[in-house]
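Just query-v4.txt here, compact mmCIF, C-alpha atoms:
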# COMPACT_ATOMS: atom_id res chain seq x y z
CA MET A 1 104.34 163.29 133.43
CA THR A 2 106.43 160.48 134.86
CA SER A 3 103.52 158.04 134.64
CA LEU A 4 102.85 159.09 131.03
CA SER A 5 106.50 158.46 130.20
CA SER A 6 106.40 155.00 131.75
CA VAL A 7 103.30 154.15 129.73
CA PHE A 8 105.11 155.05 126.54
CA LYS A 9 108.12 152.97 127.56
CA THR A 10 105.95 149.89 128.00
CA ALA A 11 104.49 150.27 124.51
CA GLY A 12 105.76 147.78 121.96
CA PHE A 13 106.70 150.47 119.43
CA PHE A 14 109.88 151.23 121.37
CA TYR A 15 111.11 147.65 121.13
CA LEU A 16 110.56 146.94 117.46
CA THR A 17 113.55 145.65 115.49
CA PRO A 18 114.11 145.51 111.72
CA GLY A 19 114.00 141.73 111.93
CA MET A 20 110.50 141.82 113.41
CA VAL A 21 109.29 144.00 110.55
CA VAL A 22 110.78 141.57 108.04
CA MET A 23 108.90 138.73 109.75
CA TRP A 24 105.69 140.77 109.54
CA ALA A 25 106.23 140.92 105.78
CA ILE A 26 106.65 137.13 105.67
CA GLY A 27 103.53 136.64 107.80
CA PHE A 28 101.49 139.00 105.62
CA THR A 29 102.77 137.21 102.49
CA LEU A 30 101.56 133.84 103.77
CA ILE A 31 98.20 135.34 104.70
CA TYR A 32 97.93 136.89 101.24
CA LEU A 33 98.79 133.60 99.51
CA ALA A 34 96.22 131.78 101.64
CA ILE A 35 93.41 134.24 100.96
CA ALA A 36 94.10 135.58 97.47
CA LYS A 37 95.71 132.52 95.88
CA ASP A 38 94.06 129.76 97.92
CA TYR A 39 97.46 128.16 98.67
CA GLU A 40 96.90 125.69 101.53
CA PRO A 41 94.72 128.27 103.34
CA LEU A 42 93.81 125.99 106.25
CA LEU A 43 97.44 126.00 107.37
CA LEU A 44 99.13 129.02 105.80
CA LEU A 45 96.53 131.43 107.21
CA PRO A 46 97.01 130.47 110.90
CA ILE A 47 100.78 130.03 110.37
CA GLY A 48 101.03 133.51 108.87
CA PHE A 49 99.05 135.02 111.74
CA GLY A 50 101.20 133.11 114.23
CA ILE A 51 104.34 134.61 112.65
CA LEU A 52 102.80 138.07 112.92
CA VAL A 53 101.88 137.95 116.62
CA ALA A 54 105.08 136.13 117.61
CA ASN A 55 107.06 139.07 116.29
CA LEU A 56 105.21 141.72 118.29
CA PRO A 57 107.38 142.80 121.24
CA LEU A 58 106.39 142.42 124.91
CA THR A 59 103.46 140.09 124.22
CA GLY A 60 104.97 137.11 126.04
CA LEU A 61 103.00 134.72 123.83
CA MET A 62 105.94 132.34 123.47
CA VAL A 63 107.44 132.75 126.93
CA PRO A 64 108.03 129.23 128.32
CA HIS A 65 105.45 128.10 130.89
CA GLU A 66 103.56 131.41 130.61
CA GLY A 67 102.71 132.35 127.02
CA LEU A 68 99.45 131.26 125.41
CA LEU A 69 101.01 130.10 122.15
CA TRP A 70 103.87 128.42 124.01
CA ARG A 71 101.29 126.30 125.80
CA PHE A 72 99.73 125.34 122.46
CA TYR A 73 103.20 124.45 121.17
CA HIS A 74 104.35 122.58 124.28
CA TYR A 75 101.25 120.55 125.02
CA GLY A 76 100.11 120.11 121.44
CA ILE A 77 103.29 119.58 119.45
CA GLN A 78 106.10 118.76 121.88
CA TRP A 79 103.83 116.32 123.67
CA GLU A 80 103.02 114.70 120.29
CA ILE A 81 99.27 115.27 120.48
CA ILE A 82 98.30 117.46 117.54
CA PRO A 83 100.12 115.75 114.59
CA PRO A 84 98.69 112.30 115.44
CA LEU A 85 95.21 113.83 115.77
CA ILE A 86 95.69 115.36 112.32
CA PHE A 87 96.46 111.86 111.05
CA LEU A 88 93.33 110.53 112.73
CA GLY A 89 91.29 112.96 110.64
CA LEU A 90 93.26 112.23 107.48
CA GLY A 91 92.72 108.50 107.98
CA ALA A 92 88.97 109.07 108.21
CA LEU A 93 89.15 110.91 104.88
CA THR A 94 91.35 108.35 103.11
CA ASP A 95 90.15 105.64 100.75
CA PHE A 96 92.68 102.84 100.39
CA GLY A 97 90.57 101.27 97.64
CA PRO A 98 92.62 102.55 94.66
CA MET A 99 95.86 101.33 96.27
CA LEU A 100 94.40 97.91 97.11
CA ALA A 101 92.86 97.59 93.64
CA SER A 102 96.33 97.80 92.06
CA PRO A 103 98.93 96.82 94.67
CA ARG A 104 101.89 97.33 92.33
CA LEU A 105 101.25 101.07 92.53
CA ILE A 106 102.42 100.90 96.16
CA PHE A 107 105.97 100.70 94.81
CA LEU A 108 105.53 104.12 93.21
CA GLY A 109 104.67 105.59 96.60
CA ALA A 110 107.77 103.95 98.05
CA GLY A 111 109.98 105.00 95.15
CA ALA A 112 109.01 108.63 95.50
CA GLN A 113 110.59 108.62 98.97
CA ALA A 114 114.04 108.56 97.36
CA GLY A 115 114.02 112.35 97.46
CA VAL A 116 113.73 112.23 101.25
CA TYR A 117 116.85 110.10 101.65
CA LEU A 118 118.93 111.78 98.94
CA THR A 119 118.21 115.21 100.39
CA PHE A 120 119.10 113.91 103.86
CA PHE A 121 122.62 113.17 102.61
CA ALA A 122 122.78 116.45 100.66
CA ALA A 123 121.78 118.47 103.74
CA PHE A 124 124.38 116.69 105.85
CA ALA A 125 127.01 117.36 103.19
CA VAL A 126 126.39 121.13 103.25
CA GLY A 127 126.73 121.45 107.02
CA PHE A 128 123.52 120.41 108.75
CA ASP A 129 123.94 117.88 111.53
CA LEU A 130 122.26 114.48 111.19
CA LYS A 131 119.07 115.44 113.03
CA GLU A 132 118.71 118.67 111.08
CA ALA A 133 119.41 116.87 107.80
CA ALA A 134 116.68 114.34 108.51
CA THR A 135 114.25 117.15 109.29
CA VAL A 136 115.07 118.86 106.00
CA GLY A 137 114.91 115.63 104.01
CA ILE A 138 111.41 114.72 105.17
CA ILE A 139 110.09 117.85 103.42
CA GLY A 140 110.51 115.88 100.19
CA GLY A 141 107.53 113.75 101.17
CA ALA A 142 105.32 116.87 100.99
CA ASP A 143 103.57 115.80 104.18
CA GLY A 144 103.13 118.75 106.55
CA PRO A 145 102.05 116.91 109.74
CA THR A 146 104.87 114.37 109.39
CA SER A 147 107.42 117.16 108.85
CA ILE A 148 106.16 118.93 111.96
CA PHE A 149 106.15 115.70 113.99
CA LEU A 150 109.75 114.90 113.05
CA ALA A 151 111.03 118.46 113.47
CA ALA A 152 109.52 118.73 116.95
CA LYS A 153 111.49 115.65 117.99
CA LEU A 154 114.79 116.10 116.18
CA ALA A 155 115.24 119.83 115.47
CA PRO A 156 112.67 122.04 117.26
CA HIS A 157 114.52 125.21 116.23
CA MET A 158 113.74 124.36 112.59
CA LEU A 159 110.07 123.55 113.14
CA GLY A 160 108.56 126.72 111.71
CA SER A 161 110.74 126.99 108.63
CA CYS A 162 110.36 123.29 107.76
CA ALA A 163 106.59 123.44 108.22
CA VAL A 164 106.26 126.51 106.00
CA ALA A 165 108.50 124.89 103.38
CA ALA A 166 106.50 121.64 103.42
CA TYR A 167 103.12 123.34 103.12
CA SER A 168 104.41 125.82 100.55
CA TYR A 169 105.56 123.01 98.27
CA MET A 170 102.27 121.18 98.81
CA ALA A 171 100.47 124.31 97.67
CA LEU A 172 102.82 124.70 94.70
CA VAL A 173 102.39 121.13 93.43
CA PRO A 174 100.51 122.36 90.30
CA ILE A 175 103.48 124.61 89.47
CA ILE A 176 106.47 122.45 90.45
CA GLN A 177 105.46 119.01 89.21
CA PRO A 178 104.15 119.45 85.60
CA PRO A 179 107.49 120.62 84.08
CA ILE A 180 109.27 117.62 85.65
CA MET A 181 106.54 115.28 84.46
CA ARG A 182 106.74 116.55 80.88
CA MET A 183 110.54 116.51 80.85
CA LEU A 184 110.76 112.85 81.91
CA THR A 185 107.93 111.42 79.79
CA THR A 186 106.91 111.39 76.15
CA GLU A 187 103.44 112.37 75.02
CA LYS A 188 102.83 108.73 74.12
CA GLU A 189 103.70 107.66 77.67
CA ARG A 190 101.47 110.34 79.15
CA ALA A 191 98.58 109.02 77.06
CA ILE A 192 98.87 105.43 78.35
CA ARG A 193 95.50 104.24 79.60
CA MET A 194 95.41 102.12 82.71
CA GLN A 195 93.54 98.83 82.73
CA LYS A 196 90.29 98.89 84.64
CA ALA A 197 91.00 98.22 88.31
CA ARG A 198 89.26 95.44 90.18
CA LYS A 199 86.55 96.22 92.69
CA VAL A 200 87.92 95.95 96.23
CA PRO A 201 85.64 93.97 98.59
CA ALA A 202 84.52 95.68 101.78
CA ILE A 203 86.15 92.98 103.91
CA GLU A 204 89.51 93.73 102.28
CA LYS A 205 89.19 97.42 103.11
CA LEU A 206 88.32 96.46 106.69
CA ILE A 207 91.27 94.13 107.13
CA PHE A 208 93.85 96.46 105.59
CA PRO A 209 94.11 99.12 108.35
CA LEU A 210 94.34 96.37 110.99
CA MET A 211 97.08 94.45 109.20
CA ALA A 212 98.93 97.61 108.15
CA THR A 213 99.01 98.77 111.77
CA LEU A 214 100.53 95.49 112.91
CA VAL A 215 103.09 95.17 110.12
CA ILE A 216 104.28 98.78 109.92
CA ILE A 217 104.57 99.33 113.67
CA LEU A 218 106.34 95.99 114.17
CA LEU A 219 108.84 96.98 111.46
CA VAL A 220 109.24 100.62 112.53
CA PRO A 221 107.98 101.07 116.12
CA ALA A 222 108.86 104.78 116.14
CA SER A 223 106.14 105.38 113.53
CA ALA A 224 103.43 104.20 115.95
CA PRO A 225 101.97 107.61 116.95
CA LEU A 226 101.18 108.57 113.35
CA VAL A 227 100.46 105.14 111.86
CA SER A 228 98.13 104.04 114.66
CA MET A 229 96.01 107.20 114.46
CA PHE A 230 95.99 107.15 110.65
CA MET A 231 94.77 103.57 110.53
CA LEU A 232 92.27 104.09 113.35
CA GLY A 233 90.70 106.97 111.42
CA ASN A 234 90.48 104.75 108.35
CA LEU A 235 88.97 101.94 110.41
CA PHE A 236 86.25 104.36 111.55
CA ARG A 237 85.54 105.04 107.87
CA VAL A 238 85.42 101.48 106.55
CA ALA A 239 83.67 99.90 109.55
CA LYS A 240 80.53 101.93 108.74
CA VAL A 241 79.20 101.50 112.29
CA VAL A 242 80.63 104.67 113.88
CA GLU A 243 79.44 107.42 111.55
CA ARG A 244 79.44 109.97 114.38
CA LEU A 245 83.12 109.26 115.09
CA THR A 246 83.97 109.30 111.40
CA ASN A 247 82.24 112.65 110.86
CA ALA A 248 83.83 114.12 114.00
CA ALA A 249 87.30 113.00 112.93
CA GLN A 250 86.80 114.32 109.37
CA ASN A 251 85.32 117.66 110.37
CA GLU A 252 85.17 119.11 113.89
CA LEU A 253 88.28 117.42 115.30
CA LEU A 254 90.41 117.97 112.20
CA ASN A 255 89.37 121.61 111.97
CA ILE A 256 90.09 122.31 115.64
CA VAL A 257 93.52 120.69 115.72
CA THR A 258 94.43 122.42 112.44
CA ILE A 259 93.96 125.78 114.18
CA PHE A 260 96.03 124.70 117.18
CA LEU A 261 98.71 123.36 114.85
CA GLY A 262 99.11 126.39 112.60
CA LEU A 263 99.27 129.10 115.26
CA PRO A 264 102.11 127.70 117.40
CA VAL A 265 104.06 126.58 114.33
CA GLY A 266 104.01 130.14 113.04
CA ALA A 267 104.84 131.44 116.51
CA THR A 268 108.13 129.50 116.52
CA MET A 269 109.32 131.71 113.66
CA ASN A 270 110.69 134.69 115.53
CA ALA A 271 113.17 136.99 113.82
CA GLU A 272 116.19 135.77 115.81
CA SER A 273 115.79 132.13 114.79
CA PHE A 274 114.30 132.51 111.31
CA LEU A 275 116.47 135.19 109.71
CA GLN A 276 119.52 132.97 109.39
CA PRO A 277 121.42 131.77 106.29
CA LYS A 278 120.53 128.16 107.14
CA VAL A 279 116.86 128.89 106.65
CA LEU A 280 117.44 129.68 102.97
CA PHE A 281 119.17 126.32 102.63
CA ILE A 282 116.12 124.67 104.19
CA PHE A 283 113.83 126.08 101.51
CA PHE A 284 116.28 125.26 98.72
CA LEU A 285 116.93 121.71 99.93
CA GLY A 286 113.23 121.15 100.63
CA LEU A 287 112.47 122.11 97.03
CA LEU A 288 115.24 119.80 95.85
CA ALA A 289 113.77 116.95 97.92
CA PHE A 290 110.31 117.49 96.46
CA MET A 291 111.59 117.65 92.88
CA VAL A 292 113.73 114.52 93.32
CA SER A 293 110.79 112.64 94.85
CA THR A 294 108.65 113.54 91.85
CA ALA A 295 111.35 112.48 89.39
CA THR A 296 112.20 109.17 91.08
CA GLY A 297 108.55 108.18 91.20
CA ILE A 298 108.21 108.75 87.44
CA LEU A 299 111.47 106.97 86.63
CA LEU A 300 110.48 103.98 88.76
CA ALA A 301 107.21 103.69 86.82
CA LYS A 302 109.17 103.72 83.55
CA LEU A 303 111.48 101.03 84.94
CA MET A 304 108.53 98.87 85.96
CA ASN A 305 107.14 99.17 82.43
CA LEU A 306 110.26 97.43 81.08
CA PHE A 307 109.21 94.26 82.89
CA SER A 308 105.43 94.52 82.68
CA LYS A 309 102.94 93.65 79.96
CA ASN A 310 100.29 95.93 81.46
CA LYS A 311 101.95 99.29 81.16
CA ILE A 312 101.71 101.91 83.90
CA ASN A 313 101.23 105.53 82.94
CA PRO A 314 104.52 106.92 84.30
CA LEU A 315 102.77 110.11 85.39
CA LEU A 316 101.38 108.08 88.29
CA GLY A 317 104.87 108.02 89.79
CA ALA A 318 104.62 111.74 90.46
CA ALA A 319 101.65 111.06 92.72
CA GLY A 320 103.92 109.10 95.06
CA VAL A 321 104.62 112.23 97.09
CA SER A 322 102.32 112.62 100.07
CA ALA A 323 100.53 115.75 98.88
CA VAL A 324 97.02 114.28 99.01
CA PRO A 325 95.05 114.79 96.80
CA MET A 326 96.86 117.66 95.04
CA ALA A 327 99.50 115.46 93.39
CA ALA A 328 96.85 113.02 92.13
CA ARG A 329 94.85 115.88 90.62
CA VAL A 330 97.93 117.25 88.86
CA VAL A 331 98.69 113.80 87.42
CA HIS A 332 95.14 113.60 86.08
CA LYS A 333 95.32 117.08 84.60
CA VAL A 334 98.63 116.48 82.80
CA GLY A 335 97.34 113.12 81.56
CA THR A 336 94.20 114.64 80.06
CA GLN A 337 96.36 117.14 78.17
CA ALA A 338 97.79 114.17 76.24
CA ASP A 339 94.46 112.31 75.98
CA LYS A 340 91.26 114.08 76.97
CA LYS A 341 89.50 110.79 77.67
CA ASN A 342 92.26 109.38 79.89
CA TYR A 343 90.96 109.32 83.47
CA LEU A 344 93.92 108.92 85.83
CA LEU A 345 92.66 110.44 89.08
CA MET A 346 91.41 107.21 90.64
CA TYR A 347 94.64 105.36 89.76
CA ALA A 348 96.82 108.24 90.98
CA MET A 349 95.22 108.06 94.42
CA GLY A 350 96.90 104.64 94.87
CA PRO A 351 100.53 105.85 94.90
CA ASN A 352 99.37 109.09 96.53
CA VAL A 353 98.06 107.27 99.60
CA ALA A 354 101.03 104.88 99.54
CA GLY A 355 103.28 107.95 99.62
CA VAL A 356 101.70 109.07 102.90
CA ILE A 357 102.55 105.72 104.45
CA GLY A 358 106.04 105.80 102.94
CA THR A 359 106.79 109.24 104.38
CA VAL A 360 105.61 108.18 107.84
CA ILE A 361 107.86 105.12 107.65
CA ALA A 362 110.79 107.33 106.59
CA ALA A 363 110.16 109.58 109.60
CA GLY A 364 110.03 106.52 111.85
CA ILE A 365 113.36 105.29 110.48
CA PHE A 366 114.99 108.67 111.13
CA LEU A 367 113.62 108.71 114.67
CA THR A 368 114.85 105.18 115.31
CA LEU A 369 118.37 105.94 114.11
CA LEU A 370 118.86 109.50 115.32
CA LYS A 371 116.84 110.22 118.45
Spell out the structure here as structure tokens.
Amino acid sequence: MTSLSSVFKTAGFFYLTPGMVVMWAIGFTLIYLAIAKDYEPLLLLPIGFGILVANLPLTGLMVPHEGLLWRFYHYGIQWEIIPPLIFLGLGALTDFGPMLASPRLIFLGAGAQAGVYLTFFAAFAVGFDLKEAATVGIIGGADGPTSIFLAAKLAPHMLGSCAVAAYSYMALVPIIQPPIMRMLTTEKERAIRMQKARKVPAIEKLIFPLMATLVIILLVPASAPLVSMFMLGNLFRVAKVVERLTNAAQNELLNIVTIFLGLPVGATMNAESFLQPKVLFIFFLGLLAFMVSTATGILLAKLMNLFSKNKINPLLGAAGVSAVPMAARVVHKVGTQADKKNYLLMYAMGPNVAGVIGTVIAAGIFLTLLK
């Protein structure tokens, strides 16, 4: 009888708390959104499952130096391995051609980063410290791996909530951006057709990742882990002599590290750290950052049109956030609603890719100033 009693006492049921049950609901919600709604399923599914198992008592999965998921988190994220590997795969998938074909669109990617910096000051004003404010602000770039990379360095206790916020807003791009785009543009502006872009020579595509690596890392050395891997992946792609490496980076490697990214990120979201008033501010300020980034990109395009003979469709400014390629697709969709024959997707990929670089640079600046 005594042994039976001890068995029952070691069962997790006796150690459940209301907070754990609430976190189960959050985990199940993310899993539901991933499966039923197809919202960023590659990340939200493992993150949701990570939340679920991290809030099961007595598992020891996140016990330092012992737990399985803690090891994934420590060696993969704290040691800065997984986010750069994600960027290696993203680089192998990225085509810089649209950006190089129309270099002025780079400014739209840079302009959309205003939301990152404005939200940084807003977060600091409402009580976050400087490192936490930077971690919240970077959500405005809508770049999950960069948000995770920065949070792991500056505010590890906010890693899970910031990651979920970043990927949630990436998934909700088709819902969040169109109302802002319509509010800030006229139908005539949305129907502007872009001039045919020049064809980018292969040698130019080959030189770009090499020169970008040198220039960006010399300017912002703290961005080196992400920039170097991003440009290396792109070099694999454009060199056309390492197809095996390109395919591995695009597929097997990216898929594997995505699993080992999502699980430990979700596992950091235990009830004690997540169910805090500050977390609600993170989601609110992250949404503010994303909305401001969308708006500033559009407004910058309209400003550029005042001084340009070849008008830019201001919708392209909304693609300056780093949500690749979701933001570009939304720009194209809203543009075709004004003119069914207006093909904006290729042009939108220019500021979209520039936005990825801009967000990485912003993260590097924060690291340089605050670490």
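Surrounding residues of (93.9, 99.8, 85.3) at most 9 Å away are A:Ala101, A:Ser102, A:Arg193, A:Met194, A:Gln195, A:Lys196, A:Ala197, A:Arg198, A:Asn310, A:Ile312, A:Tyr347 (based on only C-alpha atoms).
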query = Distance atom CA of Met349 of chain A-atom CA of Pro325 of chain A, one decimal place?
reply =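 Atom-to-atom, atom CA of Met349 of chain A to atom CA of Pro325 of chain A, that is 7.1 Å.
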Close residues, segment 106-114 of chain A itself excluded, 7 Å, only C-alpha atoms, min 5 positions apart in chain, as a list of chain:residue names = A:Met99, A:Gly141, A:Ser293, A:Thr294, A:Thr296, A:Gly297, A:Leu300, A:Ala301, A:Gly317, A:Gly320, A:Val321, A:Gly350, A:Pro351, A:Asn352, A:Ala354, A:Gly355, A:Gly358, A:Thr359
Selection export as a PDB file, keeping the file's coordinate frame, atoms kept: C-alpha atoms:
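What ended up in selection-v1.pdb:
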ATOM      1  CA  MET A  99      95.860 101.330  96.270  1.00  0.00           C
ATOM      2  CA  GLY A 141     107.530 113.750 101.170  1.00  0.00           C
ATOM      3  CA  SER A 293     110.790 112.640  94.850  1.00  0.00           C
ATOM      4  CA  THR A 294     108.650 113.540  91.850  1.00  0.00           C
ATOM      5  CA  THR A 296     112.200 109.170  91.080  1.00  0.00           C
ATOM      6  CA  GLY A 297     108.550 108.180  91.200  1.00  0.00           C
ATOM      7  CA  LEU A 300     110.480 103.980  88.760  1.00  0.00           C
ATOM      8  CA  ALA A 301     107.210 103.690  86.820  1.00  0.00           C
ATOM      9  CA  GLY A 317     104.870 108.020  89.790  1.00  0.00           C
ATOM     10  CA  GLY A 320     103.920 109.100  95.060  1.00  0.00           C
ATOM     11  CA  VAL A 321     104.620 112.230  97.090  1.00  0.00           C
ATOM     12  CA  GLY A 350      96.900 104.640  94.870  1.00  0.00           C
ATOM     13  CA  PRO A 351     100.530 105.850  94.900  1.00  0.00           C
ATOM     14  CA  ASN A 352      99.370 109.090  96.530  1.00  0.00           C
ATOM     15  CA  ALA A 354     101.030 104.880  99.540  1.00  0.00           C
ATOM     16  CA  GLY A 355     103.280 107.950  99.620  1.00  0.00           C
ATOM     17  CA  GLY A 358     106.040 105.800 102.940  1.00  0.00           C
ATOM     18  CA  THR A 359     106.790 109.240 104.380  1.00  0.00           C
TER      19      THR A 359
END
query = From the list A:Arg244, A:His157, A:Lys340, A:Lys278, which residue is nearest Ala123 of chain A when using only C-alpha atoms?
reply =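 Ranked by minimum distance to Ala123 of chain A, first place goes to A:Lys278.
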Interface rows for segment 260-318 of chain A against segment 40-61 of chain A: nearest pair, Å to one decimal, 6 Å, only C-alpha atoms, as CSV:
residue,atom,partner,partner_atom,distance
A:Gly262,CA,A:Ile47,CA,4.6
A:Leu263,CA,A:Gly50,CA,4.6
A:Gly266,CA,A:Ile47,CA,4.2
A:Ala267,CA,A:Gly50,CA,4.6
A:Met269,CA,A:Ile51,CA,5.9
A:Asn270,CA,A:Asn55,CA,5.7
ask   = Which is closest to Ala171 of chain A among A:Gly144, A:Met62, A:Lys309, A:Val356, if we use all atoms listed in the file?
value =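 Ranked by minimum distance to Ala171 of chain A, first place goes to A:Gly144.
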query = What is the distance, in Å and to one decimal place, between atom CA of Ser308 of chain A and atom CA of Val292 of chain A?
reply =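 According to the coordinates, atom CA of Ser308 of chain A and atom CA of Val292 of chain A are separated by 24.1 Å.
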What's around Asp143 of chain A at 10 Å? Count only C-alpha atoms, leave out sequence neighbours fewer than 2 positions away in its own chain, and write the answer as a short mmCIF file (atom, residue, chain, number, x, y, z; two decimals) with C-alpha atoms, in the coordinates of the input.
data_model
loop_
_atom_site.label_atom_id
_atom_site.label_comp_id
_atom_site.auth_asym_id
_atom_site.auth_seq_id
_atom_site.Cartn_x
_atom_site.Cartn_y
_atom_site.Cartn_z
CA ILE A 138 111.41 114.72 105.17
CA ILE A 139 110.09 117.85 103.42
CA GLY A 140 110.51 115.88 100.19
CA GLY A 141 107.53 113.75 101.17
CA PRO A 145 102.05 116.91 109.74
CA THR A 146 104.87 114.37 109.39
CA SER A 147 107.42 117.16 108.85
CA ILE A 148 106.16 118.93 111.96
CA ALA A 163 106.59 123.44 108.22
CA ALA A 166 106.50 121.64 103.42
CA TYR A 167 103.12 123.34 103.12
CA TYR A 169 105.56 123.01 98.27
CA MET A 170 102.27 121.18 98.81
CA VAL A 321 104.62 112.23 97.09
CA SER A 322 102.32 112.62 100.07
CA ALA A 323 100.53 115.75 98.88
CA VAL A 324 97.02 114.28 99.01
CA GLY A 355 103.28 107.95 99.62
CA VAL A 356 101.70 109.07 102.90
CA THR A 359 106.79 109.24 104.38
CA VAL A 360 105.61 108.18 107.84
#
ask   = For Phe149 of chain A, which of A:Pro314, A:Gly19, A:Gly27, A:Gly76 is the closest residue, counting all atoms listed in the file?
value = A:Gly76
Residues within 12 Å of Pro64 of chain A, all atoms listed in the file, excluding chain neighbours under 4 positions, as a ChimeraX atom specification = /A:60,68-75,268
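Across the structure, atom CA of Lys240 of chain A and atom CA of Lys199 of chain A are spaced 18.1 Å apart.
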ask   = In terms of the shortest atom-to-atom distance over all atoms listed in the file, which of A:Val331, A:Leu100, A:Leu16, A:Ala239 is closest to Leu315 of chain A?
value =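 Closest residue, counting all atoms listed in the file: A:Val331.
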request  = Could you check which of A:Val265, A:Ala125, A:Pro174, A:Ile357 is closest to Ala212 of chain A, using all atoms listed in the file?
outcome  =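 Smallest separation from Ala212 of chain A among the options: A:Ile357.
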